[in-house]
Structure formats: structure tokens, C-alpha cells
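For reference, the structure discussed in these notes is given below.
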Amino acid sequence: MSYIPHTDADREAMLKAIGVDSIEALFDAVPEKHRFPTLDLPDPMTEMEIAAEMEALSRFNVSASDYAIFLGAGAYHHYIPSLVNHMLLRGEFYTAYTPYQPEVSQGTLQAIFEFQTMISRLTGMDAANASHYDGATALAEAVTVAMAAHRDKRQKVILSPTIHPHYREVARTYHQNRPVKFSGDRSGTATMVDLADMIDDNTAMIAVQYPNFLGQIEDYTEIIKAARAHGTLVCIVTDPVACALLKSPGELGADIVVGEGQGLGIPMSFGGPYLGFFAVKNDHVRRIAGRIVGETVDGDGRRAYVMTLRPREQDIRREKASSNICTNQGLMALAACVHMTAMGKQGMRRVAELCWHKAHYAAQEIGKLKGFSVDTTRPFFKEFVVTCPKPVSEINDELIYHFGIIGGYDLGKDFPTRENQMLLCVTEMNSKDEIDMLVAGLRAIAAGELHDGDHHHHH
Amino acid sequence: MENSTPQPLEKTSYELSQPGRQGIRLPDPDVPLTDIPADLCRADLDFPEMGELDVVRHFIKLSQFNYSIDKGFYPLGSCTMKYNPKINEDMARLPGFAHVHPLQSQGTTQGALALMYRLQEWLCEISGFDAVSIQPAAGAHGEFAGILMIRKYHIDRGDAKRTKILVPDSAHGTNPATTSMAGLQAIELPSDKNGDVDLEVLRKACEQHKEELAGMMITVPSTLGVFEEHIVEIIKIVHEAGGLMYMDGANMNALLGVAKPGELGFDVMHYNLHKTFSTPHGGGGPGSGPVVCNEKLAPFRPGPVVEIIEEPQDEDDAPLYGWVMPDKSIGRLKAFHGNFGMHVRAYAYISAYGSDLPKVTHYAVLNANYIRARLKGTYLMPFDRMCGHELVVNGHWPEKAPGVHALDISKRLMDYNFHPPTNYFPLIVPEALLIEPTETESKEVLDSFIEAMLKIAEEAQNNPDLLHSAPHITPVKRVDEVKAAKDLVLCCRPTQLESVEAAAQ
């Protein structure tokens, strides 16, 4: 019986101690009519059979371990140092519970404390919490913090149209029954100046993404100035990989910084588990949701860590809690912590520089192709927009079939004005050969040179 | 004490850092360089600088300060700390699962979609519901989905005034918090003397709020670990008042193959894959909180969800799977499709048991009742009846050991190398110790835990100081939580920045 260790003799001795004849007798309280329903599940499998079946299933997926990938849009193929996985597989970490008992959880607690520190430094903020489910839910919770900071007296929250479309959707899902009025992103074309003009005394928060969903680094000076003038909080959604190179969101003037930490040592894993991070200036520390680890001492005066500001949380504050979050992405925070520590000050910057150089090389080469144009109106980091001569889905089908390349994101799906535009992502993982293959592929696809039997890739 | 620096168990990475030391090395650029405008760049990044071996030793040392299931018994009520099978970890790390991008086309992700689809089907079958969304990232996230679905269902029927949710006082804190977060009001129902829902109180509340009742949230078996005798009656009363029934599925480990919530009459519930289906707790997550529901609520599920887009032409062919947004969906709850890595682990786990899955519950309940039978007489049992997968005992003896409290017993258990049970929950039982053994613990483990509990009961009378000063053998002693909240140190001390500032002055 898989993971149940009982022998027949154990079971009989235990039933006797309880004073019943059978296991069935333990369930007399369940209404008879509904007791022991049939369960239509497959036959049990051994470990050997499970491994064989699931390996076969996994081969039906195209993966970045076999294909060159130029798809980003919120999930990224970055290098994960070998030691990250080795640390995650320590049973002492991954089979531990939430560190409510600090005497037997100092490992988890100190790792979270170090994670909070590095996230604070990357984002240029004073404090960070122990994590949220992902970047999108962290943005949704930022709205809650901003509403609370204005004692629910302001209703308006402005979202830049260049925030990840899924993040904007999640923020709306979270607040659908609450008196929050989202604006700014509906037309999809509002500029930073337009957004700055929308800020008024009823605006609780304005959120922008940096670099934005299109990979670009926008100028937020006007927005931040207007927000200051009206007492509006500024939330910046950011990419922590970019933060190692670029000015921190804190330096730009953010009050709240949220984002997706998947790029910090976490595999793409078809969308999760990922890592939402949440950092704030000191003014807002007591308003953040979720778990926070603080430093203290134990009974012998030794340094120790403990979950702190607990009275904010749902198990104590119940219906008055601002969020119901309890389980977060603990192990993913550990992954990011190990990753950032191993990369260190130099490695973090190096990864960001490699992304920059490779993305710019790719953009320059694609920009030379007939029929393609690259948007270079603003500086960009590792992603950029390419206008293509054909529908993006057709190009992607040909890229994967003929070249073994996972192509970019089809922007037409979310932005009606961006038909035939592709968002390409280039990271440190893409070699020059892969980029050159992409460029050759795009050239051939545009020229209509390819035929069904042609395969240029060697996977 | 203020001026003496407290000694750490292990220095932080910032304290271990040496300027100029390098960890992971990265290749030189293989492309022509492009200028990075200086005005876009940050001046410095205050990050640790450590060698790779130092990093490994740092985290191994930290890991050794932790208790974990792999080390020992975790009788943590309402958390279901069962064995996390190793094969599940391997499966989640298969390159064909771990390195797939969430926005890849349907045609390149059929393996992942098939896995999610089968898991969806299994979760419906196990719970007796018709539809599911596996997008929620944790139990509380699934609860949030369920309550938003109930709310949207009422609005869709043109009955928008239904904004009140009944919540028993024995509920998990997430239930009332979820209700508020969804913009609804929680109404707390006091329990009867057995810790059950008081049917008279329920009837009155339903009558009083009849026009405004959105629904009720309840945990089955209850947070006291007992199967609510009148559950079918409770569901009927709420339905008659126009409310929907939400089941908190945190305790599903007591129901597998024993009862299907959908058949009992519930409208919606969430699972915790990290409780019932063995995905690891990871020191606080990630979890996964699928929400399952009946036909009535199916159109409102968060999405997208996986469906069969095209039936196979041939029997031997696979169907084509794809993403579908339920037509009246509450919307997207997460940037992508949920915690897929947890779906893979739960899939592996359910595959292992298959049609034997009810045995999980049989032995979980056997283990809990065995502990109950053996602690009875020494520990007070506030509700003395057959329990489900967990039991609540009273951690206080007003006569024999008036100075000893549940917390002391918990801390003393650490000296016997056990993780403490859940303390002070459910809130309606003073001095509660909520004990959940799970099915994966052997009789020998339970016997040694029981012996420790009996020994501690003796110590409580004969040597209470031993309990008050416990734990004695852990890496740190009891910690000063008041200082942590008062001084609020949330980051490693910024030594470098301080020295820079000092130099500037």
C-alpha cells in the first residue's frame, strides 16, 4: 500500500486498543447513505511504473532543454546554478513546515531573513516579506495596501497599459467586489504623460512596470512627480534580474515594489510554482500581507529569527485581516535566496549584462531583415518588440517546425493595435549561434523559402 | 545587553561575504557588445560575495537547524504532514515538465495539458463534484476563488444583495479573512457544547439573514477532528435559505473514499494538494489549492482550465487538450496556470494509490484514534468520541498542574525529538493541542510519541519547571517575540552602507 507502513498485526493491535472490530467501524458518524462511495480511479502503480508513464508523458512537451527559446513575457529561461537544486532537495528544507516553532526552524527563518534582505537591496526598498504566490497576486495585494494606506477613502487605482496583461486581470479579479476603480489601461495606448494627467486626489495608487511588458525602460519622472503632488502611492512591478543592472525602483521613487522572482533560480515549470516578491518603504511595513521574519534573541541572549508582526495575519486577525494569505511560496524564496547568494554581487550583474548585450545583438540583426522592424524608440533590457510581415502564430509554427526554435509572444492577443507584433526575449541562455539561427529562420520564413520537408535544426 | 552583539548560530551571508570573492562564474559575451547608458544603471548592488563551497556550507548548516518530516514525526493538526515521496520530486524535475514555458502553444504542451486534465478528472471523482479549476496556488487562494464564485453566482441571478457568509467559530482563520477579502461579511456562529454547529442557532441566523445570505463555509470533518453529525441537515437549512455551501477541504485526508462532499450536498470546496496529496510544505509553501464545484457554479470557475478541444478520431489516438475560459468566470487568479510543479507531484501520488486511495483515510483515522485511545485518561479530551484524522486534547490540568499550559507541553515535546502539535487552535477549545498523525507513521512511531506525551504529563506534575524552561536541546531556546515586533529588524544589518555613510560624514 504505497506509503502506509502498517502490518496486519499492527492494525489488529490498534483496533483492539481503540475497542472496535474493524476499520469500517471508525466511520459510523458518516451518514450511512453517503458512506464509502465508489471511487473510479485507475489501478495502483508502483514507483517504477509511475516513472515510466510520467517520463513518457513529459516527452509530449517541447521543452527549453531541447529547443532554443526566445519566449519571455513574464516567465524566463535563465541559468540556474547546480547547487540551487541540491539545496532545495535537502529534506530538512523541503519537508519542513511553516516556521511557527522558531526553536526548530532557525534554518528556514534565517534563509527567509536573508531573502528579505536581498530583495530589499535589489529593489531599493526598506523591507520585503517572505513571498506571495506570484508577481500578479503581489500586484493585487499592493492595491490592498494602497487602499488601506488611504483608509479606503480613495477609490481610484491607475494601471499602466504596459503592465503584463495577466497581472492587470488578476488585480481586477481580486478586487471585483470592492470599491476599487481601475483605470488607465483600457485603451491600451495611454502614454506616461496621459497617465500622469489622470492622477488626482482620489487616486490611491498608480502602478507601472519596469522594464515594462514590452521590455522597455520608460521614463517615470512625470508620473512620480504627479503622484507625490497628490499623495498617490507609486507601485513599480519589476524584474529582479534587470534590477541587478538598472537603477533600483526605490531610486526612481517607488513606495511599493512587487514582481516575479521566477528568474532567480526557479525553473519555468509551465507556469508555477513561482515567487511573488513584495517590498516597501518603512511607512508601509505594518500594512503588508503575508509572513515577515524579524531578528531577535533567544532566552540565552543568542541571535535568533522569528515570524513577526503576526497580529496582521488571518489566523489571529480573522475577518479583520487585509488578506487571507498563509501558505506562500516558501521553498521558492529559498531557491531565490540560494541563487542570489551563489551568483553574488558580481554574478547578478553579469547575468543582466549578458541579457542586455545578447538582446541588443538580436534586435540589431533582426532590424536588418527585410520586412521586419524593431521598436527602438525606448531603451530596452532583454525583451523587444518586432513588427513582422506575417501573423506571429504562423511564424512561430514555422520556427518550431523547421528550426527547433520556440518563438516570441504574440502581442496581438492582448493589444488589438499590435497585430503581427512579436515580443522576443533573449537571455544569457541564448548563444550567438541560436540568435543567428533565429535571424536566419525569420529571413527564410519572410521570404517564403521553406518547404515541408526542410529541417534546419539538429534536435 | 544593548551593546553586546548577540552571537549567531550561523553568520548571515552578508557577514560571511568578502569583497571581491566570486561565486558562480558566467561566460564572456559571445556577441558584439552594445553600450549600456550609465544614466540607466545603478551605482552598486549591496549583495554578498561568497565562494561556491562557502555558499553550500552556509545553507547546509542552516538546514540542520530545521525540524522536518524526513527527520521525524510531525503531529501537526490541520496540516497533514505526511511523507513526501521522493519519486514525486524526480517527476517534477523531468526536463519535459520543468523547462516548459507557460505561454508555449497548445501543440507543444500536450503532455502537460494531459496531466492537468487527468488530475482535474481525478479531483472531481474523489470529491463527487462536476467541475474544477486547478489554478489557485494555495488553500486560501482556492477559498478565495470559491467565495468569489458564490458571490458572482448570486449577482448573475440578479440577487446581488446576498453578501453574508456564515462561519462557525471553530473555523480556520482563513474562512472569515477570505470572506472579507472577497468584499462580503462574515457572520460568526457559536458552536454547541460538543463543538458542532448548533442547529437552532443556524436556523435563527438563516431566518435573520434570509434575504442577504450568500452561503456558509464549513470544514468537514470539523476543525475538532470530528464528523459533524448533522452535516446533511446543515446543508439543507442553508440551501433552503437561498445560500450556497462552501466546504473547506483542509481535512480531506479524513474523507478519501469515505464520503464525497459533492454527494453530501456541498456546492463548492477547495483541496490542499500539499496536505492531502503529499506535495511538500517546503517550509511554508508552495501549495496548491484546486477549487471543485457542481454544475451550478461551474461557469464561474477561475481560469483558464484544461478541456478536450477535439476528441480523438481513433481509439488509439490521444484527444487534443487546450485552454478554455469558463463563460462567466470570476477571472484569472494567477499570472499563469497554477502551481504546475505541485500538480505533477499530486498526479504521481494519486497514481501510486489509485483505487486504493481510501486506505489513506482508513489508516490516517486509525492512527488518530489509536493516539486518542491511549492518551485518554491522562489528557483531558474535550469531546470524547470517535475522531477523524486528528484529535484535540486539552494541554492543561487545572488541579494537578495549574502552572503548565499547552505551549509548555509543545515546547517540551521538542526535547523528545518530536515536532509539537498545533497549539491554541481551534480557538473554541482553551489550551488546545490538535494532533494529526497521518497514515504514513508506523505504530512504533506513534507508540514512542504516546510515551513521550505520557511522560510529559508526569513531568507536568512532578517537575513543571522542566516544561517551562523547555526546549533544552534545540538550536535556540524560546525566542523573544516581543523584541522582534518592537525593534523590527527585517534585514541583515547594512554594514557596507553604514560604513559608506560614516566615511561621508
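Labels used: A, B, ... for chains in the order of the C-alpha cells, numbers from 1 for residues in each chain, and numbers from 1 for ligands as shown.
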
Practice problem: Write out as a ChimeraX atom specification each polymer residue whose atoms come within 12 Å of B:Thr179, counting only C-alpha atoms; drop sequence neighbours fewer than 6 positions from it. | Solution: /A:177-178,314,318-324 /B:140-141,143-151,163-167,172-173,185-188,214-217,246

Export, as a CSV table (one decimal), in the first residue's frame, the selected residues with N, CA and C atoms.
chain,number,residue,atom,x,y,z
A,177,ASN,N,-15.3,42.8,-6.0
A,177,ASN,CA,-16.4,43.1,-5.2
A,177,ASN,C,-16.1,44.3,-4.3
A,178,ARG,N,-15.0,44.9,-4.5
A,178,ARG,CA,-14.6,46.0,-3.6
A,178,ARG,C,-14.6,47.3,-4.3
A,314,GLN,N,-4.2,36.3,9.1
A,314,GLN,CA,-5.5,35.8,9.2
A,314,GLN,C,-5.8,34.9,10.4
A,318,ARG,N,-8.4,37.2,11.8
A,318,ARG,CA,-9.6,36.7,11.1
A,318,ARG,C,-10.2,37.6,10.2
A,319,GLU,N,-11.5,38.0,10.4
A,319,GLU,CA,-12.2,38.8,9.4
A,319,GLU,C,-11.7,40.2,9.2
A,320,LYS,N,-10.8,40.6,10.2
A,320,LYS,CA,-10.2,42.0,10.0
A,320,LYS,C,-8.9,42.0,9.3
A,321,ALA,N,-8.4,40.8,9.0
A,321,ALA,CA,-7.1,40.7,8.2
A,321,ALA,C,-7.3,41.3,6.8
A,322,SER,N,-6.3,41.9,6.3
A,322,SER,CA,-6.4,42.5,5.0
A,322,SER,C,-6.3,41.5,3.9
A,323,SER,N,-5.7,40.3,4.2
A,323,SER,CA,-5.5,39.3,3.2
A,323,SER,C,-5.7,37.9,3.9
A,324,ASN,N,-6.1,36.9,3.2
A,324,ASN,CA,-6.2,35.6,3.8
A,324,ASN,C,-5.0,34.8,3.6
B,140,ALA,N,-5.9,28.9,0.8
B,140,ALA,CA,-6.5,30.2,1.0
B,140,ALA,C,-6.9,30.8,-0.4
B,141,HIS,N,-6.1,30.6,-1.4
B,141,HIS,CA,-6.4,31.1,-2.7
B,141,HIS,C,-7.6,30.4,-3.3
B,143,GLU,N,-10.0,29.0,-1.5
B,143,GLU,CA,-11.2,29.5,-0.8
B,143,GLU,C,-11.6,30.8,-1.4
B,144,PHE,N,-10.7,31.7,-1.7
B,144,PHE,CA,-11.0,33.0,-2.2
B,144,PHE,C,-11.7,32.8,-3.6
B,145,ALA,N,-11.3,31.9,-4.4
B,145,ALA,CA,-11.9,31.5,-5.6
B,145,ALA,C,-13.4,31.1,-5.4
B,146,GLY,N,-13.5,30.2,-4.4
B,146,GLY,CA,-14.9,29.6,-4.1
B,146,GLY,C,-15.8,30.7,-3.7
B,147,ILE,N,-15.4,31.6,-2.8
B,147,ILE,CA,-16.3,32.6,-2.3
B,147,ILE,C,-16.6,33.6,-3.4
B,148,LEU,N,-15.6,34.0,-4.2
B,148,LEU,CA,-15.9,34.9,-5.4
B,148,LEU,C,-16.9,34.2,-6.3
B,149,MET,N,-16.8,32.9,-6.5
B,149,MET,CA,-17.8,32.2,-7.4
B,149,MET,C,-19.2,32.2,-6.8
B,150,ILE,N,-19.3,32.0,-5.5
B,150,ILE,CA,-20.6,32.1,-4.9
B,150,ILE,C,-21.2,33.5,-5.1
B,151,ARG,N,-20.4,34.5,-4.9
B,151,ARG,CA,-20.8,35.9,-5.0
B,151,ARG,C,-21.3,36.2,-6.4
B,163,THR,N,-24.8,39.0,0.6
B,163,THR,CA,-23.4,39.4,0.8
B,163,THR,C,-22.9,38.8,2.2
B,164,LYS,N,-23.7,38.0,2.8
B,164,LYS,CA,-23.3,37.5,4.1
B,164,LYS,C,-23.0,36.0,4.1
B,165,ILE,N,-21.9,35.7,4.8
B,165,ILE,CA,-21.4,34.3,4.8
B,165,ILE,C,-21.3,33.9,6.3
B,166,LEU,N,-22.0,32.7,6.6
B,166,LEU,CA,-21.9,32.2,7.9
B,166,LEU,C,-20.6,31.4,8.1
B,167,VAL,N,-20.0,31.6,9.2
B,167,VAL,CA,-18.7,30.9,9.5
B,167,VAL,C,-18.8,30.5,11.0
B,172,HIS,N,-11.1,27.7,10.5
B,172,HIS,CA,-9.8,28.3,10.3
B,172,HIS,C,-9.9,29.8,10.1
B,173,GLY,N,-8.9,30.5,10.5
B,173,GLY,CA,-8.9,31.9,10.3
B,173,GLY,C,-9.0,32.4,8.9
B,185,GLN,N,-19.4,39.9,4.1
B,185,GLN,CA,-19.4,40.0,5.6
B,185,GLN,C,-19.5,38.6,6.2
B,186,ALA,N,-18.6,38.3,7.1
B,186,ALA,CA,-18.6,37.0,7.8
B,186,ALA,C,-19.5,37.2,9.0
B,187,ILE,N,-20.4,36.2,9.3
B,187,ILE,CA,-21.2,36.2,10.5
B,187,ILE,C,-20.8,34.9,11.3
B,188,GLU,N,-20.3,35.2,12.5
B,188,GLU,CA,-19.8,34.0,13.2
B,188,GLU,C,-20.9,33.3,14.0
B,214,ALA,N,-25.5,34.7,1.5
B,214,ALA,CA,-24.8,34.3,0.3
B,214,ALA,C,-24.4,32.8,0.5
B,215,GLY,N,-24.1,32.4,1.7
B,215,GLY,CA,-23.7,31.0,1.9
B,215,GLY,C,-23.1,30.8,3.2
B,216,MET,N,-22.5,29.6,3.4
B,216,MET,CA,-21.8,29.2,4.6
B,216,MET,C,-20.5,28.5,4.3
B,217,MET,N,-19.5,28.7,5.1
B,217,MET,CA,-18.2,28.0,5.0
B,217,MET,C,-18.1,27.0,6.2
B,246,TYR,N,-20.1,26.1,1.1
B,246,TYR,CA,-18.6,26.0,0.8
B,246,TYR,C,-18.0,25.0,1.8

A:Ile119 environment, 12 Å, only C-alpha atoms, sequence neighbours closer than 3 positions dropped, as a short mmCIF file (atom, residue, chain, number, x, y, z; two decimals) with N, CA and C atoms, in the first residue's frame:
data_model
loop_
_atom_site.label_atom_id
_atom_site.label_comp_id
_atom_site.auth_asym_id
_atom_site.auth_seq_id
_atom_site.Cartn_x
_atom_site.Cartn_y
_atom_site.Cartn_z
N ILE A 112 14.91 32.97 5.01
CA ILE A 112 13.90 33.96 4.60
C ILE A 112 14.41 35.37 4.93
N PHE A 113 15.04 35.51 6.09
CA PHE A 113 15.58 36.81 6.50
C PHE A 113 16.61 37.32 5.48
N GLU A 114 17.47 36.41 5.04
CA GLU A 114 18.47 36.79 4.03
C GLU A 114 17.80 37.09 2.69
N PHE A 115 16.75 36.31 2.36
CA PHE A 115 15.97 36.57 1.13
C PHE A 115 15.36 37.97 1.21
N GLN A 116 14.72 38.29 2.33
CA GLN A 116 14.12 39.62 2.51
C GLN A 116 15.17 40.72 2.30
N LEU A 122 17.91 44.75 -3.86
CA LEU A 122 17.71 44.77 -5.30
C LEU A 122 16.71 45.84 -5.69
N THR A 123 15.62 45.94 -4.92
CA THR A 123 14.53 46.84 -5.28
C THR A 123 14.75 48.25 -4.73
N GLY A 124 15.72 48.41 -3.84
CA GLY A 124 15.97 49.71 -3.24
C GLY A 124 14.92 50.10 -2.21
N MET A 125 14.36 49.10 -1.54
CA MET A 125 13.33 49.38 -0.54
C MET A 125 13.86 49.04 0.86
N ASP A 126 13.04 49.36 1.88
CA ASP A 126 13.50 49.14 3.25
C ASP A 126 13.23 47.73 3.76
N ALA A 127 12.16 47.11 3.28
CA ALA A 127 11.79 45.80 3.81
C ALA A 127 11.02 45.01 2.76
N ALA A 128 11.09 43.68 2.89
CA ALA A 128 10.34 42.80 1.99
C ALA A 128 9.70 41.70 2.82
N ASN A 129 8.64 41.11 2.31
CA ASN A 129 8.06 39.99 3.04
C ASN A 129 8.58 38.66 2.51
N ALA A 130 8.04 37.56 3.06
CA ALA A 130 8.59 36.23 2.78
C ALA A 130 8.11 35.65 1.46
N SER A 131 7.19 36.29 0.75
CA SER A 131 6.74 35.95 -0.60
C SER A 131 5.23 35.98 -0.75
N THR A 238 8.49 44.95 -11.15
CA THR A 238 9.83 44.90 -11.74
C THR A 238 10.35 43.49 -11.95
N ASP A 239 11.42 43.39 -12.73
CA ASP A 239 12.11 42.13 -12.99
C ASP A 239 13.41 42.16 -12.16
N PRO A 240 13.54 41.26 -11.19
CA PRO A 240 14.71 41.33 -10.30
C PRO A 240 16.02 41.11 -11.03
N VAL A 241 15.97 40.43 -12.18
CA VAL A 241 17.20 40.21 -12.95
C VAL A 241 17.68 41.56 -13.51
N CYS A 243 17.00 44.43 -12.22
CA CYS A 243 17.36 45.31 -11.10
C CYS A 243 18.83 45.21 -10.71
N ALA A 244 19.49 44.10 -11.06
CA ALA A 244 20.90 43.97 -10.71
C ALA A 244 21.76 44.95 -11.50
N SER A 248 17.54 51.09 -9.20
CA SER A 248 16.50 50.35 -8.48
C SER A 248 15.20 51.13 -8.50
N PRO A 249 14.07 50.42 -8.44
CA PRO A 249 12.77 51.11 -8.38
C PRO A 249 12.70 52.08 -7.20
N GLY A 250 13.38 51.75 -6.11
CA GLY A 250 13.42 52.65 -4.96
C GLY A 250 14.08 53.97 -5.32
N VAL A 257 7.25 47.96 -4.26
CA VAL A 257 7.82 47.26 -5.42
C VAL A 257 7.40 45.80 -5.35
N VAL A 258 6.81 45.31 -6.43
CA VAL A 258 6.41 43.90 -6.49
C VAL A 258 6.97 43.31 -7.77
N GLY A 259 6.91 41.99 -7.86
CA GLY A 259 7.36 41.38 -9.10
C GLY A 259 7.44 39.88 -9.01
N GLU A 260 7.89 39.31 -10.12
CA GLU A 260 8.01 37.87 -10.25
C GLU A 260 9.46 37.48 -10.05
N GLY A 261 9.72 36.60 -9.09
CA GLY A 261 11.09 36.18 -8.79
C GLY A 261 11.50 34.89 -9.48
N LEU A 264 15.00 34.07 -10.65
CA LEU A 264 16.06 33.90 -9.65
C LEU A 264 16.18 32.43 -9.22
N LEU A 275 7.37 32.83 -7.69
CA LEU A 275 7.70 33.54 -6.47
C LEU A 275 7.31 35.01 -6.58
N GLY A 276 6.22 35.39 -5.93
CA GLY A 276 5.90 36.81 -5.89
C GLY A 276 6.72 37.48 -4.80
N PHE A 277 7.32 38.62 -5.12
CA PHE A 277 8.01 39.34 -4.03
C PHE A 277 7.33 40.68 -3.82
N PHE A 278 7.50 41.22 -2.61
CA PHE A 278 6.75 42.40 -2.19
C PHE A 278 7.65 43.20 -1.26
N ALA A 279 8.02 44.40 -1.69
CA ALA A 279 8.93 45.22 -0.88
C ALA A 279 8.35 46.62 -0.74
N VAL A 280 8.62 47.25 0.39
CA VAL A 280 8.04 48.57 0.66
C VAL A 280 9.03 49.48 1.38
N ALA A 333 11.24 30.94 -2.32
CA ALA A 333 12.03 32.01 -1.72
C ALA A 333 13.41 31.48 -1.35
N ALA A 336 15.44 31.25 -4.53
CA ALA A 336 15.94 32.57 -4.92
C ALA A 336 17.07 33.01 -4.00
N CYS A 337 16.94 32.69 -2.72
CA CYS A 337 17.96 33.07 -1.75
C CYS A 337 19.29 32.38 -2.08
N MET A 340 20.65 33.84 -5.46
CA MET A 340 21.23 35.19 -5.36
C MET A 340 22.55 35.16 -4.59
N THR A 341 22.62 34.29 -3.56
CA THR A 341 23.85 34.21 -2.78
C THR A 341 24.97 33.63 -3.62
N LEU B 45 25.43 47.30 -6.02
CA LEU B 45 24.42 46.36 -5.51
C LEU B 45 25.01 45.75 -4.25
N ASP B 46 24.35 46.01 -3.14
CA ASP B 46 24.84 45.50 -1.85
C ASP B 46 24.41 44.04 -1.69
N PHE B 47 25.22 43.15 -2.25
CA PHE B 47 24.93 41.71 -2.23
C PHE B 47 26.12 40.98 -1.64
N LEU B 490 14.33 43.70 9.99
CA LEU B 490 13.80 42.81 8.94
C LEU B 490 14.84 42.52 7.86
N CYS B 491 16.03 43.07 8.01
CA CYS B 491 17.09 42.86 7.02
C CYS B 491 18.42 42.68 7.74
N CYS B 492 19.34 41.97 7.08
CA CYS B 492 20.70 41.90 7.60
C CYS B 492 21.21 43.32 7.75
#

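Once A:Leu309 and its same-chain neighbours fewer than 4 positions away are set aside, A:Asn129, A:Val285, A:Arg286, A:Arg287, A:Ile288, A:Ala289, A:Gly290, A:Arg291, A:Ile292, A:Val293, A:Gly294, A:Glu295, A:Glu313, A:Gln314, A:Ile316, A:Arg317, B:Glu481, B:Val482, B:Lys483, B:Ala484, B:Ala485, B:Lys486, B:Asp487, B:Leu488, B:Val489, B:Leu490 remain within 12 Å of it when counting only C-alpha atoms.
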
Let's have the selection written as a short mmCIF file (atom, residue, chain, number, x, y, z; two decimals), in the first residue's frame, with C-alpha atoms.
data_model
loop_
_atom_site.label_atom_id
_atom_site.label_comp_id
_atom_site.auth_asym_id
_atom_site.auth_seq_id
_atom_site.Cartn_x
_atom_site.Cartn_y
_atom_site.Cartn_z
CA ASN A 129 8.06 39.99 3.04
CA VAL A 285 5.77 47.70 6.60
CA ARG A 286 2.90 47.19 9.02
CA ARG A 287 0.37 47.10 6.20
CA ILE A 288 1.89 44.33 4.07
CA ALA A 289 0.16 40.99 3.97
CA GLY A 290 1.87 37.67 4.46
CA ARG A 291 4.72 36.42 6.54
CA ILE A 292 7.65 38.56 7.66
CA VAL A 293 10.72 37.33 9.51
CA GLY A 294 12.44 39.52 12.05
CA GLU A 295 15.62 39.29 14.09
CA GLU A 313 -2.30 37.69 9.77
CA GLN A 314 -5.53 35.78 9.16
CA ILE A 316 -5.14 35.93 14.56
CA ARG A 317 -6.98 38.83 12.96
CA GLU B 481 8.83 37.61 20.04
CA VAL B 482 8.04 40.93 21.70
CA LYS B 483 11.50 42.29 20.95
CA ALA B 484 11.21 41.13 17.34
CA ALA B 485 7.99 43.11 16.86
CA LYS B 486 9.22 46.13 18.83
CA ASP B 487 12.68 46.59 17.32
CA LEU B 488 11.62 45.34 13.90
CA VAL B 489 14.88 44.29 12.29
CA LEU B 490 13.80 42.81 8.94
#

Quiz prompt | Test item: residues at most 9 Å from B:Leu446, only C-alpha atoms, excluding those fewer than 2 positions along its chain, as a list in words | solution =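 Answer for this query is Phe73, Asn367, Tyr370, Ile371, Pro437, Glu441, Ser442, Lys443, Glu444, Ser448, Phe449, Ile450 and Glu451 of chain B.
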
Self-check item: Spatial neighbours of B:Glu200, max dist 12 Å, only C-alpha atoms, sep filter under 3 positions, as a ChimeraX atom specification
Solution: /B:189-192,196-197,203-207,230,233-234,237

Practice problem: Give me the residues within 6 Å of stretch 89-106 of chain A as a ChimeraX atom specification, counting only C-alpha atoms and dropping any in the same chain fewer than 6 places off. | Solution: /A:306 /B:63,65-70,280-284,474,476

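In this structure, atom CA of A:Val180 sits 6.0 Å away from atom CA of A:Lys156.
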
Just the residues within 10 Å of B:Met91, please, counting only C-alpha atoms, with nothing from its chain fewer than 2 positions along; format it as a short mmCIF file (atom, residue, chain, number, x, y, z; two decimals) with N, CA and C atoms, in the first residue's frame.
data_model
loop_
_atom_site.label_atom_id
_atom_site.label_comp_id
_atom_site.auth_asym_id
_atom_site.auth_seq_id
_atom_site.Cartn_x
_atom_site.Cartn_y
_atom_site.Cartn_z
N ILE A 50 5.13 4.36 -12.37
CA ILE A 50 4.83 5.81 -12.38
C ILE A 50 5.91 6.55 -13.16
N ALA A 51 7.17 6.22 -12.86
CA ALA A 51 8.28 6.92 -13.51
C ALA A 51 8.21 6.72 -15.02
N ALA A 52 7.93 5.50 -15.44
CA ALA A 52 7.88 5.22 -16.88
C ALA A 52 6.74 5.99 -17.53
N MET A 54 5.13 8.71 -16.50
CA MET A 54 5.25 10.17 -16.47
C MET A 54 6.39 10.67 -17.36
N GLU A 55 7.45 9.88 -17.45
CA GLU A 55 8.52 10.27 -18.37
C GLU A 55 7.99 10.30 -19.80
N SER A 58 5.92 13.37 -20.27
CA SER A 58 6.73 14.60 -20.33
C SER A 58 7.33 14.79 -21.72
N LYS B 86 9.73 10.61 -2.55
CA LYS B 86 10.88 11.16 -3.30
C LYS B 86 10.64 11.12 -4.81
N ILE B 87 9.93 10.08 -5.28
CA ILE B 87 9.68 9.97 -6.71
C ILE B 87 8.94 11.21 -7.24
N ASN B 88 8.09 11.80 -6.41
CA ASN B 88 7.34 13.00 -6.83
C ASN B 88 8.29 14.13 -7.20
N GLU B 89 9.36 14.25 -6.41
CA GLU B 89 10.34 15.31 -6.68
C GLU B 89 11.03 15.07 -8.01
N ARG B 93 10.87 17.32 -11.73
CA ARG B 93 12.11 17.83 -12.31
C ARG B 93 12.43 17.24 -13.69
N LEU B 94 11.54 16.41 -14.22
CA LEU B 94 11.77 15.91 -15.58
C LEU B 94 11.86 17.12 -16.51
N PRO B 95 12.86 17.15 -17.40
CA PRO B 95 13.02 18.35 -18.25
C PRO B 95 11.76 18.68 -19.03
N GLY B 96 11.02 17.66 -19.44
CA GLY B 96 9.79 17.89 -20.21
C GLY B 96 8.67 18.50 -19.40
N PHE B 97 8.83 18.57 -18.09
CA PHE B 97 7.88 19.31 -17.25
C PHE B 97 8.50 20.60 -16.71
N ALA B 98 9.76 20.51 -16.25
CA ALA B 98 10.38 21.64 -15.54
C ALA B 98 10.77 22.78 -16.48
N GLY B 341 4.09 22.46 -10.95
CA GLY B 341 5.02 21.51 -10.31
C GLY B 341 4.34 20.72 -9.20
N VAL B 344 2.09 18.06 -10.81
CA VAL B 344 2.86 16.87 -11.21
C VAL B 344 3.05 15.94 -10.01
N ARG B 345 3.39 16.52 -8.88
CA ARG B 345 3.62 15.69 -7.67
C ARG B 345 2.33 15.01 -7.22
N TYR B 347 -0.19 14.26 -9.04
CA TYR B 347 -0.51 13.26 -10.05
C TYR B 347 0.25 11.95 -9.75
N ALA B 348 1.54 12.10 -9.44
CA ALA B 348 2.36 10.92 -9.12
C ALA B 348 1.83 10.22 -7.87
#

Quiz prompt | Residue set, stretch 228-408 of chain B restricted to strand (DSSP E or B), as a ChimeraX atom specification | solution = /B:244-248,268-270,291-293,305-310,320-324,376,379-380,391-394,397,401

Quiz item: Where in stretch 132-375 of chain A does DSSP assign alpha helix (DSSP H), given as a VMD selection string?
Solution: chain A and resid 135 to 149 165 to 174 192 to 198 221 to 230 240 to 243 249 to 252 314 to 317 330 to 367

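Candidate residues B:Ser127, B:Gln120, B:Gln461, B:Ser351 were compared for distance to chain A, and the nearest is B:Ser351, using only C-alpha atoms.
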
Quiz prompt | Pick from B:Tyr271, B:Tyr74, B:Phe336, B:Trp397, whichever lies nearest to chain A using only C-alpha atoms | solution = B:Phe336

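Minimum atom-to-atom distances from A:Asp21, A:Asp185, A:Asp410, A:Glu383 to A:Ala359 were compared using only C-alpha atoms, and the lowest value belongs to A:Glu383.
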